[in-house]
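Heads up, query-v1.tsv below (TSV, C-alpha atoms and all ligand atoms):
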```tsv
chain	number	residue	atom	x	y	z
Q	26	MET	CA	-2.75	-2.89	-25.56
Q	27	GLN	CA	-6.08	-1.37	-24.67
Q	28	VAL	CA	-5.42	2.03	-23.08
Q	29	ILE	CA	-8.27	3.38	-20.91
Q	30	VAL	CA	-7.92	6.95	-19.61
Q	31	VAL	CA	-9.91	7.65	-16.45
Q	32	LYS	CA	-10.59	10.73	-14.32
Q	33	ASP	CA	-8.85	9.53	-11.19
Q	34	SER	CA	-7.72	6.51	-9.20
Q	35	HIS	CA	-11.26	5.84	-7.97
Q	36	GLU	CA	-12.59	5.50	-11.50
Q	37	GLY	CA	-9.48	3.46	-12.35
Q	38	GLY	CA	-10.17	1.09	-9.44
Q	39	LYS	CA	-13.76	0.68	-10.64
Q	40	LYS	CA	-12.69	-0.09	-14.24
Q	41	ALA	CA	-10.14	-2.64	-13.09
Q	42	PHE	CA	-12.74	-4.20	-10.80
Q	43	GLU	CA	-15.22	-4.46	-13.70
Q	44	ILE	CA	-12.64	-6.37	-15.76
Q	45	ILE	CA	-12.07	-8.86	-12.92
Q	46	GLU	CA	-15.82	-9.14	-12.27
Q	47	LYS	CA	-16.59	-9.86	-15.93
Q	48	MET	CA	-13.91	-12.55	-16.14
Q	49	MET	CA	-15.16	-14.11	-12.90
Q	50	LYS	CA	-18.76	-14.15	-14.14
Q	51	GLU	CA	-17.55	-15.87	-17.32
Q	52	ASP	CA	-15.82	-18.40	-15.09
Q	53	GLU	CA	-12.39	-17.53	-16.42
Q	54	VAL	CA	-10.66	-16.92	-13.12
Q	55	ASN	CA	-9.06	-19.34	-10.73
Q	56	CYS	CA	-5.89	-17.44	-9.88
Q	57	ILE	CA	-5.47	-13.66	-9.53
Q	58	GLY	CA	-2.02	-12.04	-9.51
Q	59	LEU	CA	-1.84	-9.12	-7.08
Q	60	ALA	CA	0.47	-6.15	-6.56
Q	61	THR	CA	1.18	-3.92	-3.59
Q	62	GLY	CA	1.97	-0.17	-3.53
Q	63	SER	CA	-0.37	2.79	-3.46
Q	64	THR	CA	-1.76	2.27	-6.98
Q	65	PRO	CA	-4.00	-0.82	-6.57
Q	66	ILE	CA	-5.55	0.34	-3.29
Q	67	THR	CA	-8.71	1.74	-4.92
Q	68	LEU	CA	-9.16	-1.55	-6.78
Q	69	TYR	CA	-8.84	-3.48	-3.51
Q	70	GLN	CA	-11.45	-1.16	-1.94
Q	71	GLU	CA	-13.82	-2.02	-4.80
Q	72	MET	CA	-13.18	-5.73	-4.26
Q	73	VAL	CA	-13.68	-5.44	-0.49
Q	74	ASN	CA	-16.94	-3.50	-0.91
Q	75	SER	CA	-18.31	-5.85	-3.55
Q	76	SER	CA	-20.44	-8.93	-3.16
Q	77	LEU	CA	-17.94	-11.01	-5.15
Q	78	ASP	CA	-16.80	-14.12	-3.37
Q	79	PHE	CA	-13.12	-15.05	-3.68
Q	80	SER	CA	-13.19	-17.96	-1.25
Q	81	ASP	CA	-12.66	-20.50	-4.04
Q	82	LYS	CA	-9.91	-18.44	-5.75
Q	83	VAL	CA	-6.16	-18.36	-5.34
Q	84	SER	CA	-4.05	-15.20	-5.17
Q	85	VAL	CA	-0.35	-14.87	-5.89
Q	86	ASN	CA	1.59	-11.70	-5.19
Q	87	LEU	CA	4.28	-10.30	-7.39
Q	88	ASP	CA	6.99	-9.74	-4.85
Q	89	GLU	CA	8.25	-9.42	-1.29
Q	90	TYR	CA	11.18	-7.69	0.40
Q	91	CYS	CA	13.96	-9.92	1.71
Q	92	GLY	CA	14.46	-9.88	5.45
Q	93	LEU	CA	11.06	-8.61	6.61
Q	94	GLU	CA	8.92	-10.93	8.73
Q	95	GLU	CA	5.36	-11.49	7.48
Q	96	ASN	CA	3.99	-9.38	10.31
Q	97	HIS	CA	6.34	-6.42	9.65
Q	98	PRO	CA	4.04	-3.47	8.83
Q	99	GLN	CA	5.99	-2.76	5.62
Q	100	SER	CA	6.07	-6.34	4.39
Q	101	TYR	CA	3.98	-7.00	1.31
Q	102	HIS	CA	2.40	-9.94	3.10
Q	103	TYR	CA	1.12	-7.55	5.78
Q	104	PHE	CA	-0.03	-5.02	3.14
Q	105	MET	CA	-2.17	-7.64	1.40
Q	106	GLN	CA	-3.75	-8.75	4.67
Q	107	GLU	CA	-4.61	-5.15	5.59
Q	108	HIS	CA	-5.92	-3.99	2.22
Q	109	LEU	CA	-7.66	-7.08	0.91
Q	110	LEU	CA	-7.23	-10.53	2.39
Q	111	ASN	CA	-8.48	-9.89	5.95
Q	112	HIS	CA	-11.69	-8.56	4.40
Q	113	LYS	CA	-12.02	-10.88	1.38
Q	114	PRO	CA	-10.39	-14.20	2.11
Q	115	PHE	CA	-9.18	-16.32	-0.80
Q	116	LYS	CA	-8.96	-20.12	-0.73
Q	117	LYS	CA	-5.18	-19.76	-0.69
Q	118	SER	CA	-2.95	-16.70	-0.92
Q	119	TYR	CA	0.74	-16.79	-1.76
Q	120	VAL	CA	3.41	-14.12	-1.32
Q	121	PRO	CA	7.10	-14.93	-1.91
Q	122	ASP	CA	8.88	-15.83	1.32
Q	123	GLY	CA	11.44	-13.10	1.99
Q	124	MET	CA	12.76	-14.81	5.13
Q	125	LYS	CA	13.79	-18.09	3.51
Q	126	ASP	CA	16.99	-18.92	1.71
Q	127	PRO	CA	16.37	-17.08	-1.61
Q	128	ASP	CA	17.13	-20.12	-3.82
Q	129	GLU	CA	14.59	-22.16	-1.90
Q	130	ALA	CA	11.99	-19.37	-1.92
Q	131	ILE	CA	12.44	-18.86	-5.68
Q	132	LYS	CA	12.04	-22.55	-6.51
Q	133	GLU	CA	9.00	-22.78	-4.26
Q	134	TYR	CA	7.38	-19.78	-5.96
Q	135	ASP	CA	8.04	-20.98	-9.51
Q	136	ASP	CA	6.44	-24.32	-8.55
Q	137	ILE	CA	3.39	-22.46	-7.19
Q	138	LEU	CA	3.05	-20.47	-10.42
Q	139	GLU	CA	3.40	-23.59	-12.51
Q	140	ASN	CA	0.66	-25.37	-10.56
Q	141	CYS	CA	-1.56	-22.34	-10.50
Q	142	PRO	CA	-1.30	-20.33	-13.74
Q	143	ILE	CA	-2.35	-16.70	-13.39
Q	144	ASP	CA	-5.60	-15.79	-15.13
Q	145	ILE	CA	-5.42	-12.07	-14.48
Q	146	GLN	CA	-2.43	-10.10	-13.16
Q	147	ILE	CA	-2.74	-6.65	-11.57
Q	148	LEU	CA	0.31	-4.40	-11.98
Q	149	GLY	CA	1.50	-0.99	-10.86
Q	150	ILE	CA	4.55	0.60	-12.48
Q	151	GLY	CA	7.61	2.34	-11.09
Q	152	GLU	CA	8.80	5.73	-12.33
Q	153	ASN	CA	11.70	3.94	-14.03
Q	154	GLY	CA	9.35	1.49	-15.76
Q	155	HIS	CA	9.81	-1.37	-13.30
Q	156	VAL	CA	7.06	-3.93	-12.75
Q	157	GLY	CA	7.27	-6.13	-9.69
Q	158	PHE	CA	10.90	-5.56	-8.70
Q	159	ASN	CA	12.08	-6.08	-12.27
Q	160	GLU	CA	14.36	-3.10	-12.55
Q	161	PRO	CA	15.74	-1.70	-15.85
Q	162	GLY	CA	18.14	-4.19	-17.40
Q	163	THR	CA	16.31	-7.32	-16.14
Q	164	SER	CA	16.04	-10.05	-18.77
Q	165	PHE	CA	12.58	-10.49	-20.27
Q	166	ALA	CA	13.19	-14.24	-19.91
Q	167	ALA	CA	13.46	-14.09	-16.10
Q	168	LYS	CA	11.11	-16.10	-13.91
Q	169	THR	CA	11.06	-15.65	-10.13
Q	170	HIS	CA	14.43	-14.29	-8.96
Q	171	LEU	CA	16.32	-12.28	-6.38
Q	172	ALA	CA	16.36	-8.60	-7.34
Q	173	GLU	CA	18.53	-5.73	-6.15
Q	174	LEU	CA	16.47	-2.58	-5.74
Q	175	SER	CA	17.66	0.37	-7.79
Q	176	GLU	CA	18.55	3.65	-6.04
Q	177	SER	CA	15.40	5.29	-7.44
Q	178	THR	CA	13.18	2.49	-6.11
Q	179	ILE	CA	14.83	2.65	-2.68
Q	180	GLU	CA	14.24	6.41	-2.72
Q	181	ALA	CA	10.59	6.03	-3.83
Q	182	ASN	CA	9.87	3.34	-1.20
Q	183	SER	CA	11.66	5.16	1.62
Q	184	ARG	CA	8.41	7.09	2.22
Q	185	PHE	CA	7.13	4.00	4.03
Q	186	PHE	CA	10.25	3.54	6.19
Q	187	ASN	CA	12.32	5.78	8.47
Q	188	GLY	CA	14.60	6.87	5.61
Q	189	ASN	CA	16.51	5.08	2.83
Q	190	GLU	CA	18.72	3.12	5.25
Q	191	GLU	CA	15.81	1.02	6.48
Q	192	VAL	CA	14.50	0.05	3.03
Q	193	PRO	CA	15.52	-3.55	2.26
Q	194	LYS	CA	17.97	-3.64	-0.64
Q	195	THR	CA	16.83	-6.96	-2.12
Q	196	ALA	CA	13.53	-8.64	-2.88
Q	197	ILE	CA	12.13	-11.83	-4.36
Q	198	THR	CA	10.08	-10.99	-7.42
Q	199	MET	CA	8.20	-12.74	-10.16
Q	200	GLY	CA	10.08	-12.16	-13.42
Q	201	ILE	CA	8.88	-10.58	-16.65
Q	202	LYS	CA	8.33	-14.05	-18.12
Q	203	SER	CA	6.20	-15.06	-15.10
Q	204	ILE	CA	4.14	-11.86	-15.47
Q	205	CYS	CA	3.69	-12.17	-19.24
Q	206	ASP	CA	2.49	-15.77	-18.83
Q	207	ALA	CA	-0.70	-14.39	-17.20
Q	208	LYS	CA	-3.71	-14.80	-19.50
Q	209	ALA	CA	-4.79	-11.18	-18.92
Q	210	ILE	CA	-2.99	-8.19	-17.41
Q	211	VAL	CA	-4.29	-4.93	-15.95
Q	212	LEU	CA	-1.61	-2.25	-15.58
Q	213	LEU	CA	-2.62	0.74	-13.44
Q	214	ALA	CA	-0.89	4.12	-13.17
Q	215	TYR	CA	-1.91	7.46	-11.72
Q	216	GLY	CA	-0.18	10.81	-11.47
Q	217	LYS	CA	2.38	12.92	-13.34
Q	218	SER	CA	5.34	11.02	-11.92
Q	219	LYS	CA	4.28	7.98	-13.97
Q	220	ALA	CA	3.78	9.84	-17.29
Q	221	GLU	CA	7.23	9.13	-18.71
Q	222	ALA	CA	7.19	5.47	-17.74
Q	223	ILE	CA	3.72	5.09	-19.31
Q	224	ALA	CA	4.79	6.74	-22.58
Q	225	ALA	CA	7.86	4.48	-22.76
Q	226	THR	CA	5.74	1.42	-21.91
Q	227	VAL	CA	2.97	2.08	-24.42
Q	228	GLU	CA	4.76	3.86	-27.27
Q	229	GLY	CA	8.48	3.38	-26.76
Q	230	PRO	CA	10.69	0.66	-28.16
Q	231	VAL	CA	10.40	-2.75	-26.49
Q	232	THR	CA	13.61	-2.83	-24.48
Q	233	GLU	CA	14.88	-4.42	-21.29
Q	234	GLU	CA	15.81	-0.88	-20.20
Q	235	VAL	CA	12.06	-0.32	-19.70
Q	236	PRO	CA	10.83	-3.57	-18.15
Q	237	ALA	CA	7.13	-2.70	-18.64
Q	238	SER	CA	7.65	-2.25	-22.40
Q	239	SER	CA	7.70	-6.08	-22.55
Q	240	LEU	CA	3.93	-5.86	-22.03
Q	241	GLN	CA	3.51	-4.52	-25.59
Q	242	ASN	CA	3.89	-8.14	-26.73
Q	243	HIS	CA	1.09	-9.39	-24.48
Q	244	PRO	CA	-2.14	-10.31	-26.32
Q	245	ASN	CA	-4.60	-9.29	-23.61
Q	246	ILE	CA	-3.57	-6.23	-21.63
Q	247	PHE	CA	-5.53	-3.26	-20.29
Q	248	VAL	CA	-3.63	-0.11	-19.33
Q	249	ILE	CA	-5.78	2.01	-17.00
Q	250	ILE	CA	-4.31	5.47	-16.38
Q	251	ASP	CA	-5.48	8.89	-15.29
Q	252	GLU	CA	-4.98	12.03	-17.39
Q	253	ASP	CA	-1.75	12.95	-15.60
Q	254	ALA	CA	-0.21	9.55	-16.26
Q	255	ALA	CA	-1.42	9.79	-19.89
Q	256	ALA	CA	0.08	13.26	-20.36
Q	257	LYS	CA	3.13	12.16	-22.36
Q	258	LEU	CA	1.31	9.84	-24.77
Q	259	LYS	CA	1.18	11.15	-28.35
W	301	LIG	C1	4.45	-3.76	-5.90
W	301	LIG	C2	5.29	-3.68	-7.06
W	301	LIG	C3	5.85	-2.41	-7.60
W	301	LIG	C4	4.85	-1.26	-7.61
W	301	LIG	C5	5.49	0.02	-8.16
W	301	LIG	C6	4.57	1.21	-8.08
W	301	LIG	O1	4.09	-5.10	-5.60
W	301	LIG	O2	5.57	-4.70	-7.56
W	301	LIG	O3	6.32	-2.65	-8.90
W	301	LIG	O4	3.74	-1.60	-8.39
W	301	LIG	O5	6.67	0.30	-7.46
W	301	LIG	O6	4.33	1.51	-6.73
W	301	LIG	P1	3.20	2.58	-6.32
W	301	LIG	O7	1.89	1.96	-6.71
W	301	LIG	O8	3.34	2.70	-4.83
W	301	LIG	O9	3.49	3.82	-7.07
```
Take the structure I supplied and represent it as structure tokens, if you would.
Amino acid sequence: MQVIVVKDSHEGGKKAFEIIEKMMKEDEVNCIGLATGSTPITLYQEMVNSSLDFSDKVSVNLDEYCGLEENHPQSYHYFMQEHLLNHKPFKKSYVPDGMKDPDEAIKEYDDILENCPIDIQILGIGENGHVGFNEPGTSFAAKTHLAELSESTIEANSRFFNGNEEVPKTAITMGIKSICDAKAIVLLAYGKSKAEAIAATVEGPVTEEVPASSLQNHPNIFVIIDEDAAAKLK
């Protein structure tokens, strides 16, 4: 793991952008794995404001809530359109289909990932160490699957809804195996609330209780964090 400590999320977004830019210039990128949430927004701003052209690239998103239409303002599909894809169109962009029968949506997504292997995956991290919607206890062998959101994730995500009741309780998410199959990974984290999860991810034992700790086994991963998120590293 290459840990890069930055001043703030703006510098973090720039660093992450530089990694993508370098790989694109070396012609190593066909498919980019994307995440939603507040963390990657500064990276998406860098991408939007750059002269890089993504119109021959494919994007795949980590996850989507079940039961939200694509045009629901809190759907991850909508988020990606707003923050990146309306401004920088890709040749093709995939987000799991949260409105379909889950078995069908899961099979469809695994087929997409098989046909379009991820060259670089962007990740945020939850306070409990989740990546995508892989909550503590999820098997490291999991590919795309239906996930139940933990209480702490429902609580954390309720800031975007009118209270906990409105937060969907299930989601379709890429699994840890799908994520770790990416050729390169950039994990981003900012703020004190992520410090414990980052320490457990980078220095703790590799355990399914901390889903992001699986990333310790990945051969090509950059962890870009600000000083607050780095505060509990030794
Ligand atoms: C989003 C995702 C989640 C978030 C995580 C952190 O697609 O998969 O794992 O990355 O919940 O969210 P923020 O960035 O809002 O703190």
Query - Best match for closeness to Q:Ala167 among Q:Met199, Q:Cys141, Q:His35, Q:Leu148, counting only C-alpha atoms - result: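 Looking at the shortest contact to Q:Ala167, the residue is Q:Met199.
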Report task. Mind checking which residues fall within 12 Å of Q:Lys259, counting only C-alpha atoms, ignoring those fewer than 5 positions away in the same chain, and posting them as a list in words? Result ->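 Final neighbour list, sorted by chain and number: Ala220, Glu221, Ile223, Ala224, Ala225, Val227, Glu228 and Gly229 of chain Q.
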Report task. Could you report the residues within 6 Å of ligand LIG 301 (chain W), using all atoms listed in the file, as a PyMOL selection string? Result -> chain Q and resi 60-64+87-88+148-151+155-158
Could the residues in this selection be written to a file with C-alpha atoms, as a compact mmCIF listing (two decimals), in the frame of the given file?
```
# COMPACT_ATOMS: atom_id res chain seq x y z
CA ALA Q 60 0.47 -6.15 -6.56
CA THR Q 61 1.18 -3.92 -3.59
CA GLY Q 62 1.97 -0.17 -3.53
CA SER Q 63 -0.37 2.79 -3.46
CA THR Q 64 -1.76 2.27 -6.98
CA LEU Q 87 4.28 -10.30 -7.39
CA ASP Q 88 6.99 -9.74 -4.85
CA LEU Q 148 0.31 -4.40 -11.98
CA GLY Q 149 1.50 -0.99 -10.86
CA ILE Q 150 4.55 0.60 -12.48
CA GLY Q 151 7.61 2.34 -11.09
CA HIS Q 155 9.81 -1.37 -13.30
CA VAL Q 156 7.06 -3.93 -12.75
CA GLY Q 157 7.27 -6.13 -9.69
CA PHE Q 158 10.90 -5.56 -8.70
```
Query - Given all atoms listed in the file as the counted atoms, nearest of Q:Ser84, Q:Asn189, Q:Asn111, Q:Thr178 to Q:Ile147 - result: Q:Ser84
Query raised in the report: Suppose you want the space between atom CA of Q:Val85 and atom CA of Q:Pro236; what is it in Å?
Result: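 Atom CA of Q:Pro236 lies at a distance of 20.1 Å from atom CA of Q:Val85.
Here atom CA of Q:Ala237 stands at a distance of 13.1 Å from atom CA of Q:Ala166.
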Query raised in the report: atom CA of Q:Ser238 and atom CA of Q:Ala256, how far apart in Å?
Result: 17.4 Å
